[in-house]
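Structure data (mmCIF, C-alpha atoms and all ligand atoms) from coords-v3.cif:
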```cif
data_my_file
loop_
_atom_site.label_atom_id
_atom_site.label_comp_id
_atom_site.auth_asym_id
_atom_site.auth_seq_id
_atom_site.Cartn_x
_atom_site.Cartn_y
_atom_site.Cartn_z
CA MET R 23 -23.59 14.79 -2.59
CA SER R 24 -27.02 13.26 -2.38
CA LYS R 25 -27.39 9.64 -1.40
CA ASN R 26 -28.83 8.47 -4.68
CA GLU R 27 -25.77 9.74 -6.53
CA LYS R 28 -23.57 7.25 -4.70
CA GLY R 29 -22.22 4.45 -6.79
CA ARG R 30 -22.53 6.46 -9.99
CA VAL R 31 -19.40 6.22 -12.03
CA ARG R 32 -17.30 9.34 -11.88
CA GLY R 33 -13.66 10.12 -12.57
CA PRO R 34 -10.97 9.29 -10.03
CA ALA R 35 -10.05 12.93 -9.31
CA THR R 36 -13.71 13.71 -8.68
CA ARG R 37 -13.97 10.69 -6.45
CA VAL R 38 -11.07 11.64 -4.19
CA THR R 39 -12.57 15.11 -3.94
CA HIS R 40 -16.19 14.21 -3.28
CA SER R 41 -16.51 10.64 -2.00
CA GLY R 42 -17.38 10.15 1.64
CA ARG R 43 -18.60 13.71 2.22
CA GLU R 44 -22.06 15.02 2.96
CA PRO R 45 -21.66 18.68 3.90
CA LEU R 46 -25.37 19.42 4.10
CA ALA R 47 -25.82 16.63 6.63
CA GLN R 48 -23.33 18.41 8.92
CA HIS R 49 -24.50 22.04 8.90
CA GLY R 50 -22.77 22.69 5.57
CA PHE R 51 -19.25 22.19 6.85
CA VAL R 52 -17.15 20.79 4.04
CA ASN R 53 -15.22 18.14 5.98
CA THR R 54 -16.60 15.30 8.05
CA PRO R 55 -15.72 16.13 11.66
CA VAL R 56 -13.68 13.97 14.01
CA TYR R 57 -16.15 11.93 16.05
CA ARG R 58 -14.39 10.76 19.17
CA GLY R 59 -16.19 8.22 21.21
CA SER R 60 -16.60 4.85 22.82
CA THR R 61 -20.15 4.89 24.19
CA VAL R 62 -23.02 5.48 21.80
CA LEU R 63 -26.38 6.01 23.50
CA PHE R 64 -29.61 4.31 22.48
CA PRO R 65 -32.84 6.22 22.95
CA THR R 66 -35.04 3.30 24.11
CA TYR R 67 -34.89 -0.17 25.57
CA ASP R 68 -36.28 -1.64 22.36
CA LYS R 69 -33.56 -0.03 20.23
CA LEU R 70 -30.85 -1.17 22.64
CA VAL R 71 -31.82 -4.84 22.75
CA ALA R 72 -32.34 -4.91 18.99
CA TYR R 73 -28.99 -3.11 18.48
CA ASP R 74 -31.07 -1.12 16.05
CA GLN R 75 -29.30 2.06 15.03
CA ARG R 76 -26.55 3.03 12.62
CA TYR R 77 -23.89 3.58 15.29
CA THR R 78 -23.66 1.25 18.24
CA TYR R 79 -20.18 1.40 19.71
CA GLY R 80 -17.12 3.52 18.93
CA ARG R 81 -14.93 0.55 18.10
CA ASN R 82 -17.19 -0.56 15.28
CA THR R 83 -17.82 2.52 13.17
CA THR R 84 -18.23 6.29 13.55
CA PRO R 85 -19.33 8.87 11.00
CA THR R 86 -15.61 9.69 10.56
CA THR R 87 -14.54 6.11 9.82
CA ASP R 88 -17.61 5.62 7.63
CA ALA R 89 -16.59 8.64 5.55
CA LEU R 90 -13.12 7.28 4.82
CA CYS R 91 -14.37 3.73 4.23
CA GLU R 92 -16.96 5.01 1.79
CA ALA R 93 -14.37 7.04 -0.12
CA ILE R 94 -11.78 4.24 -0.26
CA GLY R 95 -14.50 1.73 -1.10
CA GLU R 96 -15.57 3.83 -4.06
CA LEU R 97 -11.99 4.26 -5.30
CA GLU R 98 -11.25 0.54 -4.97
CA GLY R 99 -14.64 -0.53 -6.33
CA ALA R 100 -15.15 -2.60 -3.17
CA ALA R 101 -18.23 -4.22 -1.65
CA PHE R 102 -16.86 -3.73 1.87
CA THR R 103 -14.05 -1.58 3.24
CA VAL R 104 -12.67 -1.43 6.75
CA LEU R 105 -9.87 0.56 8.36
CA ALA R 106 -6.98 -0.81 10.41
CA THR R 107 -4.56 0.93 12.75
CA SER R 108 -1.66 0.50 10.34
CA GLY R 109 -0.82 -1.05 7.00
CA LEU R 110 0.65 -4.08 8.73
CA HIS R 111 -2.50 -4.45 10.80
CA ALA R 112 -4.51 -4.38 7.57
CA VAL R 113 -2.29 -7.13 6.15
CA SER R 114 -2.59 -9.36 9.22
CA THR R 115 -6.34 -8.82 9.51
CA ALA R 116 -6.87 -9.59 5.83
CA ILE R 117 -4.89 -12.84 5.99
CA LEU R 118 -6.56 -13.91 9.25
CA SER R 119 -9.93 -13.42 7.58
CA PHE R 120 -9.36 -16.55 5.51
CA VAL R 121 -6.92 -18.99 7.10
CA GLU R 122 -7.35 -21.83 9.55
CA ALA R 123 -5.05 -24.43 11.08
CA GLY R 124 -3.72 -26.85 8.49
CA ASP R 125 -3.87 -24.35 5.64
CA GLU R 126 -1.05 -23.23 3.42
CA ILE R 127 -0.71 -19.77 1.94
CA LEU R 128 1.38 -18.76 -1.05
CA MET R 129 3.37 -15.61 -0.40
CA THR R 130 5.49 -13.59 -2.82
CA ASP R 131 9.17 -13.72 -1.89
CA SER R 132 9.47 -9.95 -2.52
CA VAL R 133 6.91 -9.10 0.16
CA TYR R 134 7.24 -6.22 2.63
CA PHE R 135 9.41 -7.71 5.37
CA PRO R 136 7.03 -7.26 8.33
CA THR R 137 4.38 -9.22 6.38
CA ARG R 138 6.88 -12.07 6.11
CA ARG R 139 7.57 -11.79 9.85
CA PHE R 140 3.83 -12.01 10.60
CA CYS R 141 3.60 -15.20 8.54
CA ASP R 142 6.73 -16.81 9.98
CA GLN R 143 6.05 -15.85 13.59
CA VAL R 144 2.27 -15.74 14.00
CA LEU R 145 0.71 -17.84 11.26
CA ALA R 146 3.29 -20.58 11.81
CA ARG R 147 2.28 -20.77 15.47
CA MET R 148 -1.36 -21.18 14.44
CA GLY R 149 -0.56 -24.10 12.18
CA VAL R 150 -0.72 -22.14 8.93
CA LYS R 151 2.23 -22.78 6.64
CA THR R 152 3.63 -20.07 4.37
CA ILE R 153 5.16 -21.10 1.06
CA TYR R 154 7.18 -18.35 -0.59
CA TYR R 155 7.15 -18.12 -4.36
CA ASP R 156 9.11 -16.29 -7.04
CA PRO R 157 7.38 -12.91 -7.58
CA LEU R 158 7.82 -13.41 -11.35
CA ILE R 159 6.03 -16.78 -11.32
CA GLY R 160 2.90 -15.51 -13.13
CA GLY R 161 0.56 -18.31 -14.21
CA GLY R 162 3.16 -20.83 -12.98
CA ILE R 163 1.63 -20.30 -9.54
CA SER R 164 -0.85 -23.04 -10.46
CA GLU R 165 1.90 -25.61 -9.94
CA LEU R 166 2.18 -24.54 -6.29
CA ILE R 167 -1.55 -24.56 -5.61
CA CYS R 168 -2.73 -27.66 -3.79
CA ASP R 169 -5.79 -28.68 -1.76
CA LYS R 170 -4.32 -27.12 1.38
CA THR R 171 -3.73 -23.76 -0.29
CA ARG R 172 -6.11 -21.15 1.08
CA LEU R 173 -4.89 -17.96 -0.54
CA VAL R 174 -2.27 -16.34 -2.75
CA PHE R 175 -0.77 -13.13 -1.40
CA THR R 176 0.68 -10.66 -3.90
CA GLU R 177 2.45 -7.33 -3.72
CA SER R 178 3.28 -5.52 -6.93
CA PRO R 179 5.74 -4.05 -7.46
CA GLY R 180 7.75 -5.93 -4.81
CA SER R 181 8.95 -4.09 -1.73
CA GLN R 182 12.41 -2.61 -2.29
CA THR R 183 13.18 -4.66 -5.43
CA PHE R 184 10.20 -3.67 -7.62
CA GLU R 185 9.39 -6.94 -9.38
CA MET R 186 6.10 -6.53 -11.26
CA GLN R 187 3.75 -9.46 -10.70
CA ASP R 188 1.46 -10.73 -13.43
CA ILE R 189 -1.69 -10.24 -11.34
CA PRO R 190 -4.22 -11.28 -14.04
CA ALA R 191 -2.32 -14.55 -14.63
CA ILE R 192 -2.09 -15.26 -10.89
CA VAL R 193 -5.78 -14.44 -10.45
CA ALA R 194 -6.75 -16.78 -13.32
CA ALA R 195 -4.75 -19.64 -11.83
CA ALA R 196 -6.09 -19.06 -8.31
CA ARG R 197 -9.70 -18.66 -9.45
CA ALA R 198 -9.53 -21.91 -11.41
CA ARG R 199 -8.85 -23.67 -8.10
CA GLU R 200 -11.20 -21.48 -6.04
CA LYS R 201 -8.44 -19.82 -4.02
CA TRP R 202 -8.45 -16.27 -2.68
CA VAL R 203 -6.08 -13.62 -4.02
CA LEU R 204 -4.98 -10.82 -1.72
CA MET R 205 -2.83 -7.89 -2.78
CA ASP R 206 -0.80 -5.29 -0.94
CA ASN R 207 -1.49 -2.42 -3.35
CA THR R 208 0.22 0.35 -1.40
CA TRP R 209 2.68 1.41 -4.11
CA ALA R 210 0.12 2.20 -6.80
CA THR R 211 -2.88 3.12 -4.61
CA PRO R 212 -6.32 2.44 -6.13
CA LEU R 213 -5.74 5.43 -8.42
CA TYR R 214 -2.95 3.73 -10.36
CA PHE R 215 -3.96 0.09 -10.01
CA ARG R 216 -7.55 -1.08 -9.73
CA ALA R 217 -6.78 -4.37 -8.01
CA LEU R 218 -10.38 -5.56 -7.60
CA ASP R 219 -11.14 -4.83 -11.26
CA HIS R 220 -8.25 -7.17 -12.09
CA GLY R 221 -9.86 -9.98 -10.11
CA VAL R 222 -8.06 -9.57 -6.79
CA ASP R 223 -10.42 -10.39 -3.88
CA VAL R 224 -8.91 -8.11 -1.26
CA SER R 225 -6.87 -4.94 -1.87
CA ILE R 226 -4.78 -3.74 1.07
CA GLN R 227 -3.30 -0.28 1.53
CA SER R 228 -0.83 1.05 4.00
CA ALA R 229 -2.74 4.35 4.04
CA THR R 230 0.19 5.59 6.13
CA LYS R 231 1.92 6.16 2.79
CA TYR R 232 0.19 8.09 0.01
CA ILE R 233 -3.32 8.33 1.41
CA VAL R 234 -2.33 10.07 4.63
CA GLY R 235 0.45 11.55 2.52
CA HIS R 236 2.09 13.78 5.13
CA ALA R 237 4.07 11.37 7.33
CA ASP R 238 1.90 12.27 10.30
CA ALA R 239 -0.27 9.19 10.92
CA LEU R 240 -0.41 5.41 10.66
CA LEU R 241 -3.46 3.84 9.03
CA GLY R 242 -4.45 0.84 6.93
CA THR R 243 -7.37 -0.02 4.67
CA ILE R 244 -8.81 -3.36 3.55
CA ALA R 245 -11.16 -3.33 0.56
CA ALA R 246 -12.95 -6.57 -0.30
CA ASN R 247 -15.05 -7.69 -3.24
CA ALA R 248 -18.52 -9.16 -2.64
CA ARG R 249 -17.43 -12.74 -2.07
CA ALA R 250 -14.60 -11.81 0.30
CA ALA R 251 -16.60 -9.14 2.15
CA PRO R 252 -18.33 -11.35 4.78
CA HIS R 253 -15.02 -12.97 5.75
CA VAL R 254 -13.18 -9.67 6.19
CA LYS R 255 -16.08 -8.04 8.02
CA ARG R 256 -16.54 -10.87 10.51
CA THR R 257 -12.84 -11.19 11.30
CA SER R 258 -12.13 -7.49 11.51
CA ILE R 259 -14.93 -7.00 14.05
CA ALA R 260 -13.89 -10.07 16.03
CA LEU R 261 -10.27 -8.95 16.22
CA GLY R 262 -11.21 -5.60 17.70
CA ASN R 263 -9.90 -3.54 14.80
CA SER R 264 -10.39 0.16 15.46
CA ALA R 265 -8.55 2.96 13.69
CA GLY R 266 -8.09 6.16 15.70
CA SER R 267 -10.38 9.12 15.03
CA GLU R 268 -7.56 11.61 14.43
CA GLU R 269 -5.73 9.22 12.13
CA THR R 270 -8.91 8.60 10.18
CA PHE R 271 -9.45 12.33 9.80
CA LEU R 272 -5.86 12.71 8.56
CA GLY R 273 -6.54 9.90 6.07
CA LEU R 274 -9.58 11.77 4.79
CA ARG R 275 -7.66 14.99 4.62
CA GLY R 276 -4.78 13.40 2.75
CA LEU R 277 -7.07 11.59 0.36
CA ARG R 278 -8.50 14.86 -1.01
CA THR R 279 -5.16 15.74 -2.64
CA LEU R 280 -4.05 12.20 -3.53
CA ASP R 281 -4.59 12.64 -7.26
CA VAL R 282 -2.53 15.83 -7.62
CA ARG R 283 0.20 14.63 -5.27
CA LEU R 284 0.58 11.34 -7.12
CA GLU R 285 0.80 13.14 -10.43
CA ARG R 286 3.78 15.12 -9.13
CA HIS R 287 5.38 12.09 -7.42
CA GLN R 288 5.06 10.24 -10.73
CA ARG R 289 6.54 13.01 -12.88
CA SER R 290 9.41 13.84 -10.53
CA GLY R 291 10.05 10.16 -9.82
CA LEU R 292 10.41 9.37 -13.51
CA GLU R 293 12.64 12.37 -14.06
CA MET R 294 14.90 11.42 -11.17
CA ALA R 295 14.97 7.77 -12.26
CA ASN R 296 16.06 8.77 -15.78
CA TRP R 297 18.65 11.16 -14.41
CA LEU R 298 20.06 8.50 -12.08
CA LYS R 299 20.16 5.96 -14.91
CA ALA R 300 22.58 8.20 -16.77
CA ARG R 301 24.90 8.63 -13.76
CA GLU R 302 28.13 6.68 -13.87
CA GLU R 303 27.83 5.83 -10.15
CA VAL R 304 24.58 3.93 -10.77
CA ALA R 305 24.63 0.32 -11.98
CA GLU R 306 20.88 -0.26 -12.17
CA VAL R 307 17.57 1.57 -11.74
CA LEU R 308 14.56 -0.45 -10.59
CA HIS R 309 11.53 1.59 -11.66
CA PRO R 310 8.76 -0.22 -13.55
CA GLY R 311 7.80 3.01 -15.31
CA LEU R 312 11.11 3.14 -17.23
CA PRO R 313 10.87 1.36 -20.60
CA ASP R 314 14.01 -0.73 -20.17
CA CYS R 315 13.45 -1.65 -16.54
CA PRO R 316 12.25 -5.16 -15.68
CA GLY R 317 8.49 -5.47 -15.41
CA HIS R 318 7.80 -2.42 -17.58
CA ASP R 319 5.52 -4.35 -19.94
CA ILE R 320 3.30 -5.60 -17.12
CA TRP R 321 3.23 -2.14 -15.57
CA LYS R 322 2.22 -0.61 -18.88
CA ARG R 323 -0.45 -3.22 -19.50
CA ASP R 324 -2.10 -3.14 -16.06
CA PHE R 325 -1.22 0.07 -14.20
CA LEU R 326 -2.43 3.62 -14.77
CA GLY R 327 0.61 5.32 -13.32
CA ALA R 328 3.70 5.10 -11.14
CA SER R 329 4.20 6.59 -7.72
CA GLY R 330 7.40 8.18 -6.45
CA LEU R 331 9.11 5.14 -4.93
CA PHE R 332 11.85 3.19 -6.70
CA SER R 333 15.28 1.73 -6.07
CA ILE R 334 18.76 2.01 -7.51
CA VAL R 335 21.81 -0.20 -7.24
CA LEU R 336 25.14 1.59 -7.07
CA LYS R 337 28.38 0.31 -8.52
CA PRO R 338 30.50 -1.24 -5.77
CA VAL R 339 31.68 1.37 -3.28
CA SER R 340 33.23 1.32 0.20
CA GLN R 341 31.15 1.73 3.35
CA ALA R 342 32.88 5.07 3.85
CA GLY R 343 31.95 6.14 0.33
CA LEU R 344 28.31 5.16 0.88
CA ALA R 345 28.20 6.98 4.23
CA ALA R 346 29.71 10.07 2.57
CA LEU R 347 26.90 10.01 -0.02
CA LEU R 348 24.10 9.54 2.50
CA ASP R 349 25.33 11.76 5.31
CA HIS R 350 24.72 15.50 4.90
CA LEU R 351 22.02 15.24 2.25
CA LYS R 352 19.94 18.40 2.48
CA PHE R 353 16.58 17.32 1.12
CA PHE R 354 16.62 13.52 1.16
CA GLY R 355 15.85 12.37 4.68
CA MET R 356 17.03 8.97 5.83
CA GLY R 357 14.19 7.07 7.38
CA PHE R 358 11.56 4.41 6.92
CA SER R 359 8.05 4.75 5.57
CA TRP R 360 7.36 6.88 2.47
CA GLY R 361 4.47 8.48 0.63
CA GLY R 362 4.75 11.80 2.43
CA TYR R 363 5.53 15.08 0.70
CA GLU R 364 9.25 14.75 1.39
CA SER R 365 12.05 12.88 -0.33
CA LEU R 366 13.67 9.94 1.44
CA VAL R 367 16.50 7.50 0.91
CA VAL R 368 17.28 4.25 2.70
CA PRO R 369 19.91 1.61 1.94
CA PHE R 370 18.55 -1.93 1.89
CA GLU R 371 19.92 -5.43 1.97
CA CYS R 372 17.47 -8.22 1.23
CA SER R 373 19.77 -11.04 0.12
CA ASN R 374 19.43 -12.73 3.52
CA THR R 375 15.66 -12.54 3.87
CA ARG R 376 14.65 -14.25 0.63
CA THR R 377 13.93 -17.96 0.73
CA ALA R 378 12.44 -18.80 -2.69
CA THR R 379 14.65 -16.64 -4.89
CA ALA R 380 18.09 -15.07 -4.76
CA TRP R 381 18.55 -11.32 -4.91
CA LYS R 382 22.19 -10.45 -5.01
CA ARG R 383 23.92 -7.40 -6.40
CA ASP R 384 27.57 -6.34 -6.28
CA GLY R 385 27.00 -2.79 -5.11
CA PRO R 386 24.78 -1.32 -2.41
CA ALA R 387 21.07 -0.82 -3.07
CA LEU R 388 19.13 2.31 -2.15
CA ARG R 389 15.39 2.87 -2.07
CA LEU R 390 14.38 6.41 -2.95
CA HIS R 391 11.14 8.22 -2.37
CA ILE R 392 10.83 11.29 -4.57
CA GLY R 393 8.82 13.93 -2.77
CA LEU R 394 7.23 17.16 -3.91
CA GLU R 395 10.37 19.31 -3.89
CA ASP R 396 11.82 20.92 -7.04
CA VAL R 397 13.58 18.23 -9.02
CA ALA R 398 16.56 20.51 -9.69
CA ASP R 399 17.17 20.74 -5.94
CA LEU R 400 16.93 16.98 -5.56
CA LYS R 401 19.42 16.44 -8.37
CA ALA R 402 21.82 18.96 -6.85
CA ASP R 403 21.48 17.25 -3.47
CA LEU R 404 22.40 13.84 -4.88
CA GLU R 405 25.10 15.32 -7.12
CA ALA R 406 26.81 16.81 -4.06
CA GLY R 407 26.44 13.43 -2.35
CA PHE R 408 28.07 11.64 -5.30
CA ALA R 409 30.93 14.15 -5.14
CA ARG R 410 31.41 13.39 -1.42
CA MET R 411 31.31 9.69 -2.28
CA ALA R 412 34.04 10.11 -4.89
CA ALA R 413 36.16 12.17 -2.50
CA ALA R 414 35.85 9.46 0.16
CA GLY R 415 37.30 6.96 -2.35
CA SER R 416 36.06 3.53 -3.24
C1 LIG I 501 4.72 0.55 4.94
C2 LIG I 501 4.13 -0.63 4.28
C3 LIG I 501 3.27 -1.47 4.97
C4 LIG I 501 2.96 -1.30 6.42
O1 LIG I 501 2.34 -0.10 6.69
P1 LIG I 501 2.36 0.54 8.16
O2 LIG I 501 1.26 1.51 8.11
O3 LIG I 501 3.71 1.13 8.35
O4 LIG I 501 2.11 -0.60 9.12
C5 LIG I 501 2.72 -2.53 4.28
N1 LIG I 501 3.01 -2.75 2.99
C6 LIG I 501 3.82 -1.96 2.30
C7 LIG I 501 4.08 -2.25 0.86
C8 LIG I 501 4.43 -0.88 2.91
O5 LIG I 501 5.27 -0.10 2.23
#
```
Before we go any further, please render this structure as structure tokens.
Ligand SMILES: *Cc1c(COP(=O)(O)O)cnc(C)c1O
Amino acid sequence: MSKNEKGRVRGPATRVTHSGREPLAQHGFVNTPVYRGSTVLFPTYDKLVAYDQRYTYGRNTTPTTDALCEAIGELEGAAFTVLATSGLHAVSTAILSFVEAGDEILMTDSVYFPTRRFCDQVLARMGVKTIYYDPLIGGGISELICDKTRLVFTESPGSQTFEMQDIPAIVAAARAREKWVLMDNTWATPLYFRALDHGVDVSIQSATKYIVGHADALLGTIAANARAAPHVKRTSIALGNSAGSEETFLGLRGLRTLDVRLERHQRSGLEMANWLKAREEVAEVLHPGLPDCPGHDIWKRDFLGASGLFSIVLKPVSQAGLAALLDHLKFFGMGFSWGGYESLVVPFECSNTRTATAWKRDGPALRLHIGLEDVADLKADLEAGFARMAAAGS
């Protein structure tokens, strides 16, 4: 890929394949190698005092981190992209890039719980107040925006409960009052939702999920538009952000297959969601890609696809029945995180964490990640689990 081709518009599958690679600049080897390093040497006194070379210190950038930032930046359509050691670190760095004591931020009530904990524990201590809002508020956010408001934080669909936010309406309201809009865009990735194109200032990824894609590394990315770029850059450097070399390499490696993996996650996810919807044990399916699920219209209007993560609510069942379903599953692992090649299931309970809205259901809720296995095997696995559940009694 020659330099002057950069920035040219090309399709997303081509981008994930070719962005951030320059084989001929590295002896023809296809992949950017892992540069490990702290010290970077300067050839002369003049260069050293002027800090005048592309690489200056391992914490700042390396050819490996540059490669991933360039690729993510191209996919997101960003002016500036930086890596973080985890998705949560990307979230905290992005928020800290804008706030100061006395500010308020508006935070969706359906946010990933550790983001909420960062706000309540760290921002609160710094004198930054977090105001939680109904994820379905849309343009109504303007009623919550005041002089003290610094930014609006969004995550769509919501963690665990999959509320679709009206991002264009929120952006319009925030822009009218010159407020920043940040988005945790992990679920869709930049392939299925182009957050910056929709007016979001900063798009955050837990690259741990679909970008790494193999459950073998933690990594975050922050992609900023031109007006947000100086803020994110300054703060990220000042905070000492530095993603590991191996993790960055695994991010690059995962990225190359993101398009094909997501296609399969989407197809299998929709098939499983439809199958579960027809099961008598299931009260509700929360998957924005299903026509009669809440938020489907917004998803259809704004998003280019769905990934493999969604939730279901079961009809009321005893603890023993639920344990019988979840224990002894063959292909669905029970564990946190998602976005790897494998299927996962975790029960969740969020009725006690919400503060702006109520989320209450009669039966237990489960979040499913549909991996790359054969769908028939996944159905059989859950079918056997439902049979155990029935045998355990309600
Ligand atoms: C997992 C996750 C994060 C945090 O990512 P880590 O890499 O685990 O720190 C942030 N946001 C969302 C939506 C997530 O699912």
Selected residue of minimal separation from ligand LIG 501 (chain I) among R:Ser373, R:Asn296, R:Ser108, R:Ser114, counting all atoms listed in the file: R:Ser108
Name the residues, by chain letter and number, that sit within 9 Å of ligand LIG 501 (chain I) using all atoms listed in the file, and give them as number ranges by chain. R: 106-113, 133-137, 177-182, 206-209, 226-231, 239-242, 358-361
Atoms kept (C-alpha atoms) for selection, written as a PDB file, in the coordinates of the input:
```
ATOM      1  CA  ALA R 106      -6.980  -0.810  10.410  1.00  0.00           C
ATOM      2  CA  THR R 107      -4.560   0.930  12.750  1.00  0.00           C
ATOM      3  CA  SER R 108      -1.660   0.500  10.340  1.00  0.00           C
ATOM      4  CA  GLY R 109      -0.820  -1.050   7.000  1.00  0.00           C
ATOM      5  CA  LEU R 110       0.650  -4.080   8.730  1.00  0.00           C
ATOM      6  CA  HIS R 111      -2.500  -4.450  10.800  1.00  0.00           C
ATOM      7  CA  ALA R 112      -4.510  -4.380   7.570  1.00  0.00           C
ATOM      8  CA  VAL R 113      -2.290  -7.130   6.150  1.00  0.00           C
ATOM      9  CA  VAL R 133       6.910  -9.100   0.160  1.00  0.00           C
ATOM     10  CA  TYR R 134       7.240  -6.220   2.630  1.00  0.00           C
ATOM     11  CA  PHE R 135       9.410  -7.710   5.370  1.00  0.00           C
ATOM     12  CA  PRO R 136       7.030  -7.260   8.330  1.00  0.00           C
ATOM     13  CA  THR R 137       4.380  -9.220   6.380  1.00  0.00           C
ATOM     14  CA  GLU R 177       2.450  -7.330  -3.720  1.00  0.00           C
ATOM     15  CA  SER R 178       3.280  -5.520  -6.930  1.00  0.00           C
ATOM     16  CA  PRO R 179       5.740  -4.050  -7.460  1.00  0.00           C
ATOM     17  CA  GLY R 180       7.750  -5.930  -4.810  1.00  0.00           C
ATOM     18  CA  SER R 181       8.950  -4.090  -1.730  1.00  0.00           C
ATOM     19  CA  GLN R 182      12.410  -2.610  -2.290  1.00  0.00           C
ATOM     20  CA  ASP R 206      -0.800  -5.290  -0.940  1.00  0.00           C
ATOM     21  CA  ASN R 207      -1.490  -2.420  -3.350  1.00  0.00           C
ATOM     22  CA  THR R 208       0.220   0.350  -1.400  1.00  0.00           C
ATOM     23  CA  TRP R 209       2.680   1.410  -4.110  1.00  0.00           C
ATOM     24  CA  ILE R 226      -4.780  -3.740   1.070  1.00  0.00           C
ATOM     25  CA  GLN R 227      -3.300  -0.280   1.530  1.00  0.00           C
ATOM     26  CA  SER R 228      -0.830   1.050   4.000  1.00  0.00           C
ATOM     27  CA  ALA R 229      -2.740   4.350   4.040  1.00  0.00           C
ATOM     28  CA  THR R 230       0.190   5.590   6.130  1.00  0.00           C
ATOM     29  CA  LYS R 231       1.920   6.160   2.790  1.00  0.00           C
ATOM     30  CA  ALA R 239      -0.270   9.190  10.920  1.00  0.00           C
ATOM     31  CA  LEU R 240      -0.410   5.410  10.660  1.00  0.00           C
ATOM     32  CA  LEU R 241      -3.460   3.840   9.030  1.00  0.00           C
ATOM     33  CA  GLY R 242      -4.450   0.840   6.930  1.00  0.00           C
ATOM     34  CA  PHE R 358      11.560   4.410   6.920  1.00  0.00           C
ATOM     35  CA  SER R 359       8.050   4.750   5.570  1.00  0.00           C
ATOM     36  CA  TRP R 360       7.360   6.880   2.470  1.00  0.00           C
ATOM     37  CA  GLY R 361       4.470   8.480   0.630  1.00  0.00           C
TER      38      GLY R 361
END
```
Of the residues R:Tyr77, R:Ala195, R:Ala47, R:Trp202, which is the one nearest to Val121 in chain R, using all atoms listed in the file? R:Trp202
CA of Gln341 in chain R and CA of Pro386 in chain R are how many Å apart?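 Taking CA of Gln341 in chain R and CA of Pro386 in chain R, their separation equals 9.1 Å.
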Work out how far apart CA of Ile233 in chain R and CA of Leu277 in chain R are and give it in Å to one decimal.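 If I compute the distance from CA of Ile233 in chain R to CA of Leu277 in chain R, I get 5.1 Å.
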Leaving out Glu371 in chain R and any residue of its chain fewer than 2 positions from it, which residues lie within 9 Å of it when counting all atoms listed in the file, given as a list in words?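 Residues near the query, excluding close chain neighbours: Pro369, Ser373, Asn374, Thr375, Lys382, Pro386, Ala387 and Leu388 of chain R.
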Nearest candidate to Asp223 in chain R (options R:Gly161, R:Gly311, R:Gly99, R:Pro34; using only C-alpha atoms):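 Closest candidate: R:Gly99.
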Would you mind telling me which residue in R:Arg275, R:Arg147, R:Arg58, R:Arg376 lies nearest to Tyr232 in chain R when using all atoms listed in the file? R:Arg275
Selection: 10 Å around Leu312 in chain R, only C-alpha atoms, excl. self and same-chain fewer than 5 positions, as an MDAnalysis selection string: chainID R and resid 292:293 295:296 299 307 317:319 321:322 328
